[in-house]
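Asks: File name query.txt; file contents compact mmCIF, C-alpha atoms; full text below.
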# COMPACT_ATOMS: atom_id res chain seq x y z
CA MET A 17 2.77 63.31 17.12
CA ALA A 18 6.34 64.37 16.35
CA ASP A 19 7.66 63.28 12.95
CA ASP A 20 10.47 61.09 14.23
CA ARG A 21 8.15 59.39 16.74
CA LEU A 22 5.65 58.49 14.02
CA GLU A 23 8.47 57.34 11.75
CA SER A 24 9.88 55.01 14.39
CA ARG A 25 6.40 53.64 15.13
CA LEU A 26 5.91 52.92 11.41
CA ARG A 27 9.28 51.15 11.21
CA GLU A 28 8.39 49.11 14.26
CA LEU A 29 5.03 48.24 12.69
CA GLY A 30 6.83 47.18 9.49
CA SER A 31 8.88 44.67 11.47
CA HIS A 32 5.65 43.12 12.79
CA LEU A 33 3.82 42.99 9.47
CA ASP A 34 2.12 39.63 9.02
CA ALA A 35 2.99 39.13 5.34
CA PRO A 36 2.40 35.67 3.83
CA ASP A 37 5.19 33.14 3.99
CA ALA A 38 7.24 33.19 0.79
CA ALA A 39 8.93 29.83 1.32
CA ALA A 40 7.23 28.10 -1.62
CA LEU A 41 7.92 30.94 -4.03
CA PRO A 42 11.34 29.92 -5.44
CA GLU A 43 10.02 26.46 -6.32
CA GLY A 44 6.99 28.03 -8.02
CA VAL A 45 9.19 30.36 -10.06
CA ARG A 46 11.54 27.53 -10.99
CA ARG A 47 8.63 25.42 -12.20
CA ARG A 48 7.28 28.26 -14.33
CA LEU A 49 10.65 29.02 -15.89
CA ARG A 50 11.31 25.37 -16.65
CA GLN A 51 8.04 25.23 -18.57
CA GLU A 52 8.88 28.40 -20.46
CA ASP A 53 12.07 26.88 -21.72
CA ARG A 54 10.18 23.94 -23.10
CA PRO A 55 9.62 24.76 -26.76
CA ARG A 56 5.96 25.10 -27.57
CA ARG A 57 4.80 22.77 -30.27
CA ARG A 58 2.64 24.47 -32.84
CA PRO A 59 0.17 22.19 -34.59
CA GLY A 60 0.51 22.04 -38.34
CA LEU A 61 -2.21 22.44 -40.91
CA ALA A 62 -2.59 18.66 -41.05
CA ALA A 63 -3.66 18.54 -37.40
CA ILE A 64 -6.24 21.26 -37.93
CA LEU A 65 -7.63 19.50 -41.01
CA ALA A 66 -7.74 16.23 -39.10
CA ALA A 67 -9.80 17.90 -36.39
CA ALA A 68 -12.22 19.27 -38.98
CA LEU A 69 -12.58 15.86 -40.64
CA ALA A 70 -13.16 14.16 -37.32
CA VAL A 71 -16.10 16.43 -36.61
CA ALA A 72 -17.54 15.76 -40.05
CA VAL A 73 -17.52 12.03 -39.31
CA ILE A 74 -19.41 12.21 -36.04
CA GLY A 75 -22.69 13.23 -37.58
CA GLY A 76 -23.78 9.65 -36.88
CA VAL A 77 -24.77 8.14 -33.59
CA ALA A 78 -22.51 7.26 -30.65
CA VAL A 79 -19.25 7.77 -32.50
CA ALA A 80 -16.40 8.69 -30.26
CA VAL A 81 -13.43 10.67 -31.50
CA LEU A 82 -10.47 12.34 -29.90
CA LEU A 83 -10.43 15.76 -31.48
CA ILE A 84 -8.35 17.49 -28.89
CA PRO A 85 -5.88 15.49 -26.81
CA GLY A 86 -7.68 14.10 -23.77
CA VAL A 87 -11.19 15.05 -24.89
CA GLU A 88 -13.77 12.67 -26.27
CA ILE A 89 -17.11 13.64 -27.76
CA ARG A 90 -19.89 11.09 -28.05
CA ARG A 91 -22.89 11.82 -30.17
CA THR A 92 -26.14 10.55 -28.69
CA PRO A 93 -29.56 10.42 -30.37
CA THR A 94 -31.32 12.00 -27.36
CA PRO A 95 -30.38 14.98 -25.20
CA PRO A 96 -28.42 13.86 -22.15
CA THR A 97 -29.53 14.51 -18.59
CA ALA A 98 -27.51 14.91 -15.42
CA ALA A 99 -27.72 16.49 -12.02
CA ALA A 100 -27.00 20.22 -12.07
CA PRO A 101 -25.34 21.26 -8.84
CA GLY A 102 -24.97 25.00 -8.28
CA ASP A 103 -22.10 25.00 -5.81
CA PRO A 104 -18.56 25.08 -7.30
CA GLU A 105 -17.41 22.85 -4.42
CA LYS A 106 -19.73 20.16 -5.79
CA LEU A 107 -18.75 20.35 -9.44
CA GLY A 108 -16.07 17.69 -9.10
CA LEU A 109 -13.31 20.22 -9.67
CA GLY A 110 -10.91 18.99 -6.99
CA ARG A 111 -9.67 20.64 -3.83
CA PRO A 112 -9.72 24.43 -3.29
CA ALA A 113 -6.35 26.22 -3.52
CA THR A 114 -4.84 29.62 -4.16
CA LEU A 115 -3.45 30.31 -7.62
CA ALA A 116 0.09 30.15 -6.26
CA GLU A 117 -0.56 26.79 -4.59
CA ALA A 118 -2.12 25.49 -7.79
CA ARG A 119 0.91 26.54 -9.81
CA ASN A 120 3.17 24.79 -7.38
CA SER A 121 1.24 21.55 -7.31
CA VAL A 122 0.75 20.82 -11.00
CA ASP A 123 3.15 20.25 -13.86
CA LEU A 124 1.43 22.77 -16.14
CA ASN A 125 1.93 26.32 -17.24
CA VAL A 126 -1.16 27.76 -15.53
CA LEU A 127 -2.24 30.58 -17.84
CA VAL A 128 -4.74 33.10 -16.49
CA PRO A 129 -7.07 34.96 -18.89
CA GLN A 130 -5.86 38.59 -18.68
CA ARG A 131 -9.28 39.64 -19.92
CA LEU A 132 -10.88 38.38 -16.68
CA GLY A 133 -8.06 38.99 -14.22
CA PRO A 134 -7.40 36.79 -11.19
CA PRO A 135 -10.01 34.07 -10.60
CA ASP A 136 -12.46 34.15 -7.68
CA ALA A 137 -11.69 30.55 -6.75
CA VAL A 138 -9.19 27.92 -7.83
CA PHE A 139 -9.38 24.11 -7.61
CA VAL A 140 -6.71 21.51 -8.17
CA GLY A 141 -7.40 17.97 -9.31
CA ARG A 142 -4.84 15.15 -9.35
CA ARG A 143 -5.97 13.59 -12.58
CA PRO A 144 -5.01 13.29 -15.36
CA GLU A 145 -1.28 12.90 -14.94
CA GLY A 146 0.37 16.29 -14.49
CA GLY A 147 -2.66 17.60 -12.63
CA ARG A 148 -5.62 19.72 -13.48
CA VAL A 149 -6.41 23.30 -12.49
CA THR A 150 -9.87 24.86 -12.65
CA MET A 151 -10.36 28.59 -12.16
CA VAL A 152 -13.83 29.80 -11.22
CA TYR A 153 -15.14 33.28 -12.02
CA ASP A 154 -18.24 34.54 -10.26
CA PRO A 155 -21.09 35.86 -12.40
CA LYS A 156 -20.95 39.59 -13.15
CA GLU A 157 -22.39 42.07 -15.60
CA ASP A 158 -20.68 40.80 -18.76
CA LEU A 159 -20.41 37.23 -17.47
CA PRO A 160 -23.92 35.86 -16.80
CA ALA A 161 -24.44 32.96 -14.40
CA ASP A 162 -24.45 29.60 -16.16
CA GLU A 163 -27.74 27.84 -15.46
CA ASN A 164 -25.98 24.49 -15.10
CA THR A 165 -23.09 25.43 -12.87
CA GLY A 166 -24.27 28.70 -11.29
CA VAL A 167 -20.90 30.33 -11.96
CA GLY A 168 -19.83 32.97 -14.51
CA MET A 169 -17.05 30.97 -16.11
CA LEU A 170 -15.01 27.85 -15.50
CA VAL A 171 -11.50 27.74 -16.96
CA THR A 172 -9.87 24.29 -16.85
CA LEU A 173 -6.33 23.34 -17.82
CA PHE A 174 -4.79 19.87 -18.01
CA ARG A 175 -2.20 18.00 -19.98
CA GLY A 176 -4.09 16.12 -22.69
CA SER A 177 -3.08 12.72 -23.94
CA THR A 178 -3.86 11.66 -27.50
CA ASP A 179 -4.52 8.02 -26.68
CA THR A 180 -6.82 8.24 -23.67
CA ALA A 181 -9.80 10.46 -23.15
CA PHE A 182 -9.90 12.32 -19.88
CA VAL A 183 -12.96 14.46 -20.49
CA GLN A 184 -15.93 12.70 -21.93
CA LYS A 185 -18.79 14.66 -23.40
CA GLU A 186 -22.13 13.41 -24.57
CA ALA A 187 -23.81 15.72 -27.02
CA GLY A 188 -27.39 15.31 -28.21
CA PRO A 189 -28.82 16.39 -31.58
CA GLU A 190 -29.55 19.91 -30.32
CA THR A 191 -25.92 20.53 -29.50
CA SER A 192 -23.62 21.86 -32.20
CA VAL A 193 -19.96 20.91 -32.23
CA ARG A 194 -17.67 22.67 -34.67
CA PRO A 195 -13.94 23.02 -35.20
CA ILE A 196 -12.35 26.43 -34.72
CA THR A 197 -8.84 27.73 -34.27
CA VAL A 198 -7.52 29.82 -31.40
CA GLU A 199 -4.33 31.70 -32.29
CA GLY A 200 -3.52 29.00 -34.86
CA SER A 201 -4.20 26.07 -32.50
CA PRO A 202 -7.00 23.59 -33.20
CA GLY A 203 -10.06 23.83 -31.01
CA MET A 204 -13.74 23.05 -30.71
CA TRP A 205 -16.77 25.15 -30.00
CA ILE A 206 -19.72 23.37 -28.42
CA GLU A 207 -23.00 25.24 -28.00
CA GLY A 208 -26.73 24.93 -28.10
CA ALA A 209 -28.42 22.53 -25.72
CA PRO A 210 -26.39 21.61 -22.66
CA HIS A 211 -24.26 18.50 -23.00
CA THR A 212 -22.91 16.26 -20.29
CA VAL A 213 -19.33 16.41 -19.23
CA ALA A 214 -17.58 13.89 -17.04
CA TYR A 215 -14.02 13.09 -16.12
CA VAL A 216 -12.89 9.54 -16.80
CA ASP A 217 -10.03 7.62 -15.24
CA ALA A 218 -7.26 5.72 -17.00
CA ASN A 219 -9.51 2.66 -17.32
CA GLY A 220 -12.27 4.62 -18.98
CA ARG A 221 -14.50 4.69 -15.88
CA MET A 222 -16.37 7.89 -15.22
CA PHE A 223 -16.19 9.62 -11.87
CA PRO A 224 -19.91 9.60 -11.06
CA ASP A 225 -19.75 12.83 -9.04
CA SER A 226 -18.23 14.70 -11.95
CA LEU A 227 -21.11 14.00 -14.32
CA ARG A 228 -22.96 17.23 -14.92
CA LEU A 229 -24.40 19.42 -17.64
CA ALA A 230 -22.19 22.01 -19.33
CA GLY A 231 -23.04 25.29 -21.08
CA ASN A 232 -21.19 26.72 -24.09
CA VAL A 233 -17.69 25.32 -24.20
CA LEU A 234 -14.51 26.33 -26.02
CA ILE A 235 -11.70 23.78 -25.99
CA TRP A 236 -8.26 24.33 -27.48
CA GLN A 237 -4.59 23.73 -26.92
CA VAL A 238 -1.56 25.75 -25.97
CA GLY A 239 1.54 23.60 -26.34
CA GLU A 240 0.85 20.36 -24.48
CA VAL A 241 -1.87 21.88 -22.36
CA THR A 242 -5.54 21.47 -23.18
CA LEU A 243 -7.66 24.44 -22.10
CA ARG A 244 -11.39 24.58 -21.68
CA LEU A 245 -13.70 27.57 -21.10
CA GLU A 246 -17.26 26.96 -20.00
CA SER A 247 -19.83 29.76 -19.67
CA ARG A 248 -22.95 31.24 -21.20
CA LEU A 249 -20.87 33.49 -23.47
CA GLN A 250 -21.17 33.21 -27.25
CA LEU A 251 -18.24 32.24 -29.47
CA GLU A 252 -16.71 35.71 -30.07
CA PRO A 253 -16.52 36.83 -26.42
CA SER A 254 -15.29 33.34 -25.50
CA LEU A 255 -12.53 33.69 -28.11
CA ASP A 256 -11.61 37.09 -26.64
CA VAL A 257 -11.08 35.43 -23.26
CA ALA A 258 -9.16 32.54 -24.86
CA ARG A 259 -6.82 34.85 -26.78
CA SER A 260 -6.03 36.76 -23.58
CA MET A 261 -4.48 33.57 -22.17
CA GLY A 262 -1.55 33.63 -24.62
CA MET B 21 27.04 47.86 1.24
CA GLY B 22 29.59 47.53 -1.55
CA SER B 23 29.45 43.76 -2.09
CA ARG B 24 25.73 43.14 -2.57
CA PRO B 25 25.07 45.34 -5.63
CA LEU B 26 28.16 43.89 -7.25
CA GLU B 27 26.99 40.39 -6.57
CA ASP B 28 23.49 41.14 -7.87
CA THR B 29 25.03 42.56 -11.02
CA GLU B 30 26.99 39.41 -11.61
CA LEU B 31 23.98 37.15 -10.96
CA VAL B 32 21.83 39.24 -13.32
CA GLU B 33 24.49 39.00 -15.99
CA ARG B 34 24.61 35.20 -15.65
CA ALA B 35 20.80 34.99 -15.69
CA ARG B 36 20.77 37.07 -18.86
CA GLN B 37 22.96 34.40 -20.45
CA GLY B 38 20.30 31.81 -19.54
CA ASP B 39 21.71 30.62 -16.19
CA GLN B 40 18.51 29.81 -14.28
CA ALA B 41 20.40 28.82 -11.12
CA ALA B 42 21.81 32.34 -10.95
CA TYR B 43 18.32 33.74 -11.28
CA GLU B 44 17.06 31.43 -8.52
CA THR B 45 19.67 32.91 -6.20
CA LEU B 46 18.18 36.33 -6.90
CA VAL B 47 14.67 34.95 -6.32
CA ARG B 48 15.67 33.54 -2.92
CA ARG B 49 17.44 36.75 -1.99
CA TYR B 50 14.44 38.97 -2.73
CA GLN B 51 11.44 36.67 -2.24
CA GLY B 52 10.61 38.07 1.20
CA LEU B 53 10.89 41.70 0.08
CA ALA B 54 8.85 41.04 -3.07
CA VAL B 55 6.03 39.34 -1.15
CA ARG B 56 5.95 42.16 1.42
CA ALA B 57 5.79 44.78 -1.33
CA ALA B 58 2.96 42.91 -3.08
CA TYR B 59 1.24 42.49 0.29
CA VAL B 60 1.12 46.20 1.11
CA VAL B 61 -0.08 47.07 -2.39
CA ALA B 62 -2.52 44.24 -3.15
CA GLY B 63 -3.31 42.55 0.17
CA ARG B 64 -2.82 39.10 1.56
CA ALA B 65 -4.81 37.05 -0.92
CA GLU B 66 -2.84 38.29 -3.93
CA ALA B 67 0.61 38.82 -2.44
CA GLU B 68 2.33 35.52 -3.02
CA ASP B 69 0.93 35.00 -6.49
CA ALA B 70 1.70 38.58 -7.56
CA ALA B 71 5.29 38.19 -6.36
CA GLN B 72 5.73 34.87 -8.14
CA GLU B 73 4.30 36.28 -11.35
CA ALA B 74 6.57 39.32 -11.04
CA PHE B 75 9.68 37.12 -10.76
CA VAL B 76 8.64 35.26 -13.91
CA LYS B 77 7.98 38.52 -15.77
CA ALA B 78 11.27 39.98 -14.57
CA TYR B 79 13.11 36.94 -15.92
CA ARG B 80 11.44 37.40 -19.30
CA ALA B 81 12.35 41.11 -19.23
CA LEU B 82 16.02 40.64 -18.30
CA HIS B 83 17.08 41.54 -21.84
CA ARG B 84 15.69 45.03 -21.16
CA PHE B 85 17.59 45.41 -17.89
CA ARG B 86 20.34 48.03 -18.07
CA PRO B 87 23.62 46.26 -17.22
CA GLY B 88 25.14 47.55 -14.00
CA ALA B 89 21.90 49.15 -12.73
CA PRO B 90 20.62 48.08 -9.29
CA PHE B 91 18.42 44.99 -9.57
CA ARG B 92 16.37 45.40 -6.38
CA PRO B 93 14.37 48.56 -7.30
CA TRP B 94 13.98 47.34 -10.89
CA LEU B 95 12.44 44.11 -9.60
CA LEU B 96 10.25 46.02 -7.14
CA ARG B 97 8.88 48.11 -9.98
CA ILE B 98 7.68 44.94 -11.70
CA VAL B 99 6.27 43.61 -8.41
CA THR B 100 4.47 46.92 -7.82
CA ASN B 101 2.92 46.91 -11.30
CA GLU B 102 1.83 43.32 -10.96
CA ALA B 103 0.29 43.99 -7.54
CA ARG B 104 -1.42 47.20 -8.68
CA ASN B 105 -3.01 45.35 -11.59
CA ARG B 106 -4.66 43.07 -9.06
CA VAL B 107 -6.38 45.80 -7.07
CA ARG B 108 -8.48 47.22 -9.84
CA SER B 109 -11.87 46.27 -8.47
CA ALA B 110 -13.30 47.93 -5.38
CA ARG B 111 -14.08 44.53 -3.95
CA ARG B 112 -10.42 43.55 -3.99
CA ARG B 113 -9.42 46.81 -2.32
CA GLU B 114 -11.79 46.06 0.52
CA ALA B 115 -10.15 42.69 0.96
CA LEU B 116 -6.68 44.21 1.48
CA ALA B 117 -6.78 43.42 5.19
CA LEU B 118 -3.21 44.05 6.27
CA ARG B 119 -2.35 42.52 9.62
CA ALA B 120 0.35 42.86 12.19
CA VAL B 121 1.37 39.83 14.20
CA ALA B 122 -0.14 40.03 17.68
CA VAL B 123 3.04 39.73 19.68
CA SER B 124 4.46 42.46 21.85
CA GLY B 125 8.09 43.49 22.00
CA ASP B 126 10.25 42.06 24.76
CA ALA B 127 10.48 45.54 26.22
CA ALA B 128 6.83 45.72 27.36
CA PRO B 129 6.96 46.35 31.11
CA SER B 130 3.65 44.61 31.96
CA PRO B 131 0.92 42.45 30.41
CA GLU B 132 -1.33 45.54 30.21
CA ALA B 133 1.37 47.51 28.42
CA ALA B 134 1.89 44.59 26.03
CA VAL B 135 -1.81 44.57 25.15
CA GLU B 136 -1.73 48.32 24.60
CA GLU B 137 1.29 47.98 22.36
CA VAL B 138 -0.45 45.42 20.13
CA GLU B 139 -3.59 47.57 20.06
CA ALA B 140 -1.64 50.74 19.13
CA ARG B 141 0.06 48.85 16.31
CA ARG B 142 -3.29 47.64 14.99
CA GLU B 143 -4.71 51.17 15.04
CA LEU B 144 -1.71 52.57 13.23
CA LEU B 145 -1.98 49.86 10.58
CA GLU B 146 -5.68 50.56 10.12
CA SER B 147 -4.93 54.24 9.63
CA VAL B 148 -2.30 53.42 7.00
CA GLU B 149 -4.75 51.11 5.28
CA ARG B 150 -7.40 53.83 5.08
CA LEU B 151 -5.10 56.16 3.12
CA PRO B 152 -5.45 56.50 -0.67
CA PRO B 153 -3.32 53.83 -2.45
CA ALA B 154 -0.59 56.29 -3.54
CA ASP B 155 -0.09 57.50 0.06
CA ARG B 156 -0.20 54.01 1.48
CA GLU B 157 2.39 52.77 -1.02
CA VAL B 158 4.86 55.56 -0.35
CA ILE B 159 4.64 55.13 3.44
CA ALA B 160 4.81 51.34 3.26
CA TYR B 161 7.78 51.32 0.90
CA ARG B 162 9.68 53.84 3.01
CA TYR B 163 9.02 52.50 6.50
CA PHE B 164 7.78 48.91 6.14
CA LEU B 165 10.23 47.89 3.43
CA GLY B 166 12.99 50.36 4.35
CA LEU B 167 13.65 51.53 0.79
CA SER B 168 15.75 54.61 0.07
CA GLU B 169 14.13 57.52 -1.74
CA ALA B 170 16.03 56.65 -4.93
CA GLU B 171 14.79 53.05 -4.77
CA MET B 172 11.23 54.25 -4.13
CA ALA B 173 11.36 56.50 -7.19
CA GLU B 174 12.31 53.53 -9.36
CA ALA B 175 9.92 51.05 -7.72
CA LEU B 176 6.93 53.40 -7.78
CA ALA B 177 7.78 54.81 -11.21
CA VAL B 178 7.82 58.47 -10.13
CA PRO B 179 10.52 61.15 -10.62
CA ALA B 180 13.13 61.18 -7.85
CA GLY B 181 12.19 64.73 -6.83
CA THR B 182 8.56 63.75 -6.36
CA VAL B 183 9.17 61.02 -3.77
CA LYS B 184 10.07 63.41 -0.95
CA SER B 185 7.03 65.67 -1.44
CA ARG B 186 4.71 62.72 -1.88
CA LEU B 187 5.98 61.11 1.32
CA SER B 188 5.61 64.35 3.24
CA ARG B 189 2.03 64.75 2.01
CA ALA B 190 1.22 61.13 2.88
CA MET B 191 2.58 61.57 6.43
CA THR B 192 0.40 64.66 6.87
CA ARG B 193 -2.66 62.68 5.80
CA LEU B 194 -1.70 59.81 8.09
CA ARG B 195 -1.44 62.12 11.10
CA ARG B 196 -4.82 63.62 10.21
CA GLU B 197 -6.30 60.14 9.89
CA MET B 198 -5.00 59.16 13.32
CA VAL B 199 -6.31 62.34 14.94
CA SER B 200 -9.76 61.82 13.43
CA ARG B 201 -9.88 58.27 14.81
CA HIS B 202 -9.34 59.55 18.29
CA GLY B 203 -11.91 62.34 17.86
Rewrite the structure from the file as C-alpha cells, please.

Replies:
Amino acid sequence: MADDRLESRLRELGSHLDAPDAAALPEGVRRRLRQEDRPRRRPGLAAILAAALAVAVIGGVAVAVLLIPGVEIRRTPTPPTAAAPGDPEKLGLGRPATLAEARNSVDLNVLVPQRLGPPDAVFVGRRPEGGRVTMVYDPKEDLPADENTGVGMLVTLFRGSTDTAFVQKEAGPETSVRPITVEGSPGMWIEGAPHTVAYVDANGRMFPDSLRLAGNVLIWQVGEVTLRLESRLQLEPSLDVARSMG
Amino acid sequence: MGSRPLEDTELVERARQGDQAAYETLVRRYQGLAVRAAYVVAGRAEAEDAAQEAFVKAYRALHRFRPGAPFRPWLLRIVTNEARNRVRSARRREALALRAVAVSGDAAPSPEAAVEEVEARRELLESVERLPPADREVIAYRYFLGLSEAEMAEALAVPAGTVKSRLSRAMTRLRREMVSRHG
C-alpha cells in the first residue's frame, strides 16, 4: 500500500476511534484538586498516646472504644462466627464502579496503593456520609487469597467520624489488636484469629449482609480519611502497601 | 494558530498562581485529547482514570513547567507516563481492546461498501494493536491524535531526531503486519 494511502486510512481510523467519553473528567479533576487544597491535619502525639491507652483498656470483656474515627472494636470472650462468602459482589461492599466513577461519586481523596497498582475491581458504598470506596485486588503470587473473603486484598476508604462508629469489629481472645503508626498517623493492627466486621448505620444497627469474618487488618488515617487494608499479609508487607498510599 | 498557544500560556500562568478556574479551562480544552492518548496507550478500561490522574499530577507539577513553553505536549507527556504505568502486566496489555465505532462514512456508495469500510477499519485497527507498544504509540500519536513531530518528541520523551525514524520503522512494521494478515 502506498505511504500516503496508508496515512490517510490511519487518519480516517483515528476519527472513528471509540475512545471513552471524557465528559465527567473535569468534575473529577476539580473534586481532586479541591481536596488537595484542604490542609491535611496531622495527629499530635496526644492522639497517638490516646490510641495506645484505649487499647490497653480493652483487655476486658465487651468494652467498646473508638480508636480510629468511625471504627469500633468490641472484645468478646469467645471467637466470633459469621458467614464467609467468597464472592466480592457479596461482601457488602456496595455497587461496582470504575476508579474514575468512584472518585467522582464520593467526597474523599481516593488514594491508590502504588505498590499494588490499579485495583482489579472497585465498589462504592453510600454510607457513611461522604461515601465509601473499596478496592479489590485479586490473589497473586505475593498476595495470597484470604480464606474469609477469597480475594487478595481489600482496601477501604471512608470519612471517619469520632462520635459514631461505622465499622464494628468483634474480636475474640485469639485476636490481637495493637496500636501502630503509619507515616506518623495513628493506626491499629489486628491479626490472629479472624474477627467479625460489620458496617453499622447512624442508629447503631448493623447491616446484616455486611457481617463477615475478616483476616489481618491494618487501619489508619490520612487526613480525615480512614483507610483499611484487609488481607493475609503480615504487618510489615501490609505497612509497605499502606505507605505507598501517601 | 497564533492565539491558542498564547491563551494556554496565560491560563497556565494563572493556574501557577493558584487559579483553579484557569486550570479547569485547560482541563476542558484538553480532556478529549488526553483521554484518547491514554486510550491508545493503556486501553479502554484505564483511559479515563489515567487521564484524570494525569491532570491532577500536571497541576501539582505546574511549578516545574517552563513559562512560555507549549502546554499541550507537556501535558501529553504526563498522560503518556501515567498510561504506560498502567500497562505493566501482560494481562492488562491483552485487555487493551481498541475499538472503532461501527459507522460508515456518508460517502459509502452502497450498503455492501459500507460494511466493507467498517470491516477494513477494524482490520487496520487490529494490525495497529498487534504492533509493539513503541510502534503503536508513535503511529497513534501521529495519525490518531494528529500531533506534530515536535509534539510527539515531547509527549513520548524521545529526541526530536528520533521521532521521524521511529515512525518510519513503525509504518514498515504495520505494512508487514497487514500483509501477513492477508497471507

Asks: Residues of chain B within 8 Å of chain A, counting all atoms listed in the file - could you list those as an MDAnalysis selection string?

Replies: chainID B and resid 44 47:48 51:52 55:56 59 64 67:69 72:73 75:76 106 118:121 141 144:145 160 163:166 195

Asks: Residues within 10 Å of B:Thr45, please, as a list of chain:residue names. Count only C-alpha atoms; anything in the same chain fewer than 2 positions from it doesn't count.

Replies: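 Selected residues are A:Pro42, B:Asp28, B:Leu31, B:Val32, B:Ala35, B:Gln40, B:Ala41, B:Ala42, B:Tyr43, B:Val47, B:Arg48, B:Arg49, B:Tyr50, B:Gln51.
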
Asks: Which polymer residues have any atom within 6 Å of an atom of stretch 249-262 of chain A, counting only C-alpha atoms, with same-chain residues fewer than 3 positions away left out, as number ranges by chain?

Replies: A: 127-131

Asks: Residues as selected, C-alpha atoms, written as a PDB file, keeping the file's coordinate frame, can you do that?

Replies:
ATOM      1  CA  LEU A 127      -2.240  30.580 -17.840  1.00  0.00           C
ATOM      2  CA  VAL A 128      -4.740  33.100 -16.490  1.00  0.00           C
ATOM      3  CA  PRO A 129      -7.070  34.960 -18.890  1.00  0.00           C
ATOM      4  CA  GLN A 130      -5.860  38.590 -18.680  1.00  0.00           C
ATOM      5  CA  ARG A 131      -9.280  39.640 -19.920  1.00  0.00           C
TER       6      ARG A 131
END

Asks: Report, in Å with one decimal, the straight-line distance from atom CA of B:Ala180 to atom CA of B:Ile98.

Replies: 17.6 Å

Asks: Atom CA of B:Val158 and atom CA of B:Leu176, how far apart in Å?

Replies: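 Going from atom CA of B:Leu176 over to atom CA of B:Val158 covers 8.0 Å.
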
Asks: Have a look at B:Lys77, B:Arg189, B:His83, B:Arg156 and name the one nearest to B:Leu95; count only C-alpha atoms.

Replies: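 Of B:Lys77, B:Arg189, B:His83, B:Arg156, the one nearest B:Leu95 is B:Lys77, counting only C-alpha atoms.
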
Asks: Counting all atoms listed in the file, what is within 6 Å of stretch 151-164 of chain A, bar same-chain residues fewer than 2 positions away, as a tab-separated table (two decimals) with C-alpha atoms, keeping the file's coordinate frame?

Replies:
chain	number	residue	atom	x	y	z
A	100	ALA	CA	-27.00	20.22	-12.07
A	135	PRO	CA	-10.01	34.07	-10.60
A	136	ASP	CA	-12.46	34.15	-7.68
A	137	ALA	CA	-11.69	30.55	-6.75
A	138	VAL	CA	-9.19	27.92	-7.83
A	166	GLY	CA	-24.27	28.70	-11.29
A	167	VAL	CA	-20.90	30.33	-11.96
A	168	GLY	CA	-19.83	32.97	-14.51
A	169	MET	CA	-17.05	30.97	-16.11
A	170	LEU	CA	-15.01	27.85	-15.50
A	171	VAL	CA	-11.50	27.74	-16.96
A	229	LEU	CA	-24.40	19.42	-17.64
A	247	SER	CA	-19.83	29.76	-19.67
A	248	ARG	CA	-22.95	31.24	-21.20

Asks: For the atom pair atom CA of A:Thr150 and atom CA of A:Glu246, what is the interatomic distance in Å to one decimal place?

Replies: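 Computing the Euclidean distance for atom CA of A:Thr150 and atom CA of A:Glu246 yields 10.6 Å.
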
Asks: Compile the contact shell of B:Asn101 as a VMD selection string: residues with an atom at most 10 Å away, counting all atoms listed in the file, same-chain residues fewer than 5 positions apart removed.

Replies: chain B and resid 58 61 70 74 96 106 175 to 177

Asks: Could those residues be written to a file, using C-alpha atoms, as an mmCIF file, in the frame of the given file?

Replies:
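The file below, part_33.cif, is the result:
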data_model
loop_
_atom_site.group_PDB
_atom_site.id
_atom_site.type_symbol
_atom_site.label_atom_id
_atom_site.label_comp_id
_atom_site.auth_asym_id
_atom_site.auth_seq_id
_atom_site.Cartn_x
_atom_site.Cartn_y
_atom_site.Cartn_z
ATOM 1 C CA ALA B 58 2.960 42.910 -3.080
ATOM 2 C CA VAL B 61 -0.080 47.070 -2.390
ATOM 3 C CA ALA B 70 1.700 38.580 -7.560
ATOM 4 C CA ALA B 74 6.570 39.320 -11.040
ATOM 5 C CA LEU B 96 10.250 46.020 -7.140
ATOM 6 C CA ARG B 106 -4.660 43.070 -9.060
ATOM 7 C CA ALA B 175 9.920 51.050 -7.720
ATOM 8 C CA LEU B 176 6.930 53.400 -7.780
ATOM 9 C CA ALA B 177 7.780 54.810 -11.210
#

Asks: List the spatial neighbours of A:Arg175 as a PDB file with C-alpha atoms, in the frame of the given file - criterion: any atom at most 9 Å away, all atoms listed in the file, same-chain residues fewer than 2 positions off excluded.

Replies:
ATOM      1  CA  PRO A  85      -5.880  15.490 -26.810  1.00  0.00           C
ATOM      2  CA  GLY A  86      -7.680  14.100 -23.770  1.00  0.00           C
ATOM      3  CA  ASP A 123       3.150  20.250 -13.860  1.00  0.00           C
ATOM      4  CA  LEU A 124       1.430  22.770 -16.140  1.00  0.00           C
ATOM      5  CA  PRO A 144      -5.010  13.290 -15.360  1.00  0.00           C
ATOM      6  CA  GLU A 145      -1.280  12.900 -14.940  1.00  0.00           C
ATOM      7  CA  GLY A 146       0.370  16.290 -14.490  1.00  0.00           C
ATOM      8  CA  GLY A 147      -2.660  17.600 -12.630  1.00  0.00           C
ATOM      9  CA  ARG A 148      -5.620  19.720 -13.480  1.00  0.00           C
ATOM     10  CA  LEU A 173      -6.330  23.340 -17.820  1.00  0.00           C
ATOM     11  CA  SER A 177      -3.080  12.720 -23.940  1.00  0.00           C
ATOM     12  CA  GLU A 240       0.850  20.360 -24.480  1.00  0.00           C
ATOM     13  CA  VAL A 241      -1.870  21.880 -22.360  1.00  0.00           C
ATOM     14  CA  THR A 242      -5.540  21.470 -23.180  1.00  0.00           C
ATOM     15  CA  LEU A 243      -7.660  24.440 -22.100  1.00  0.00           C
TER      16      LEU A 243
END
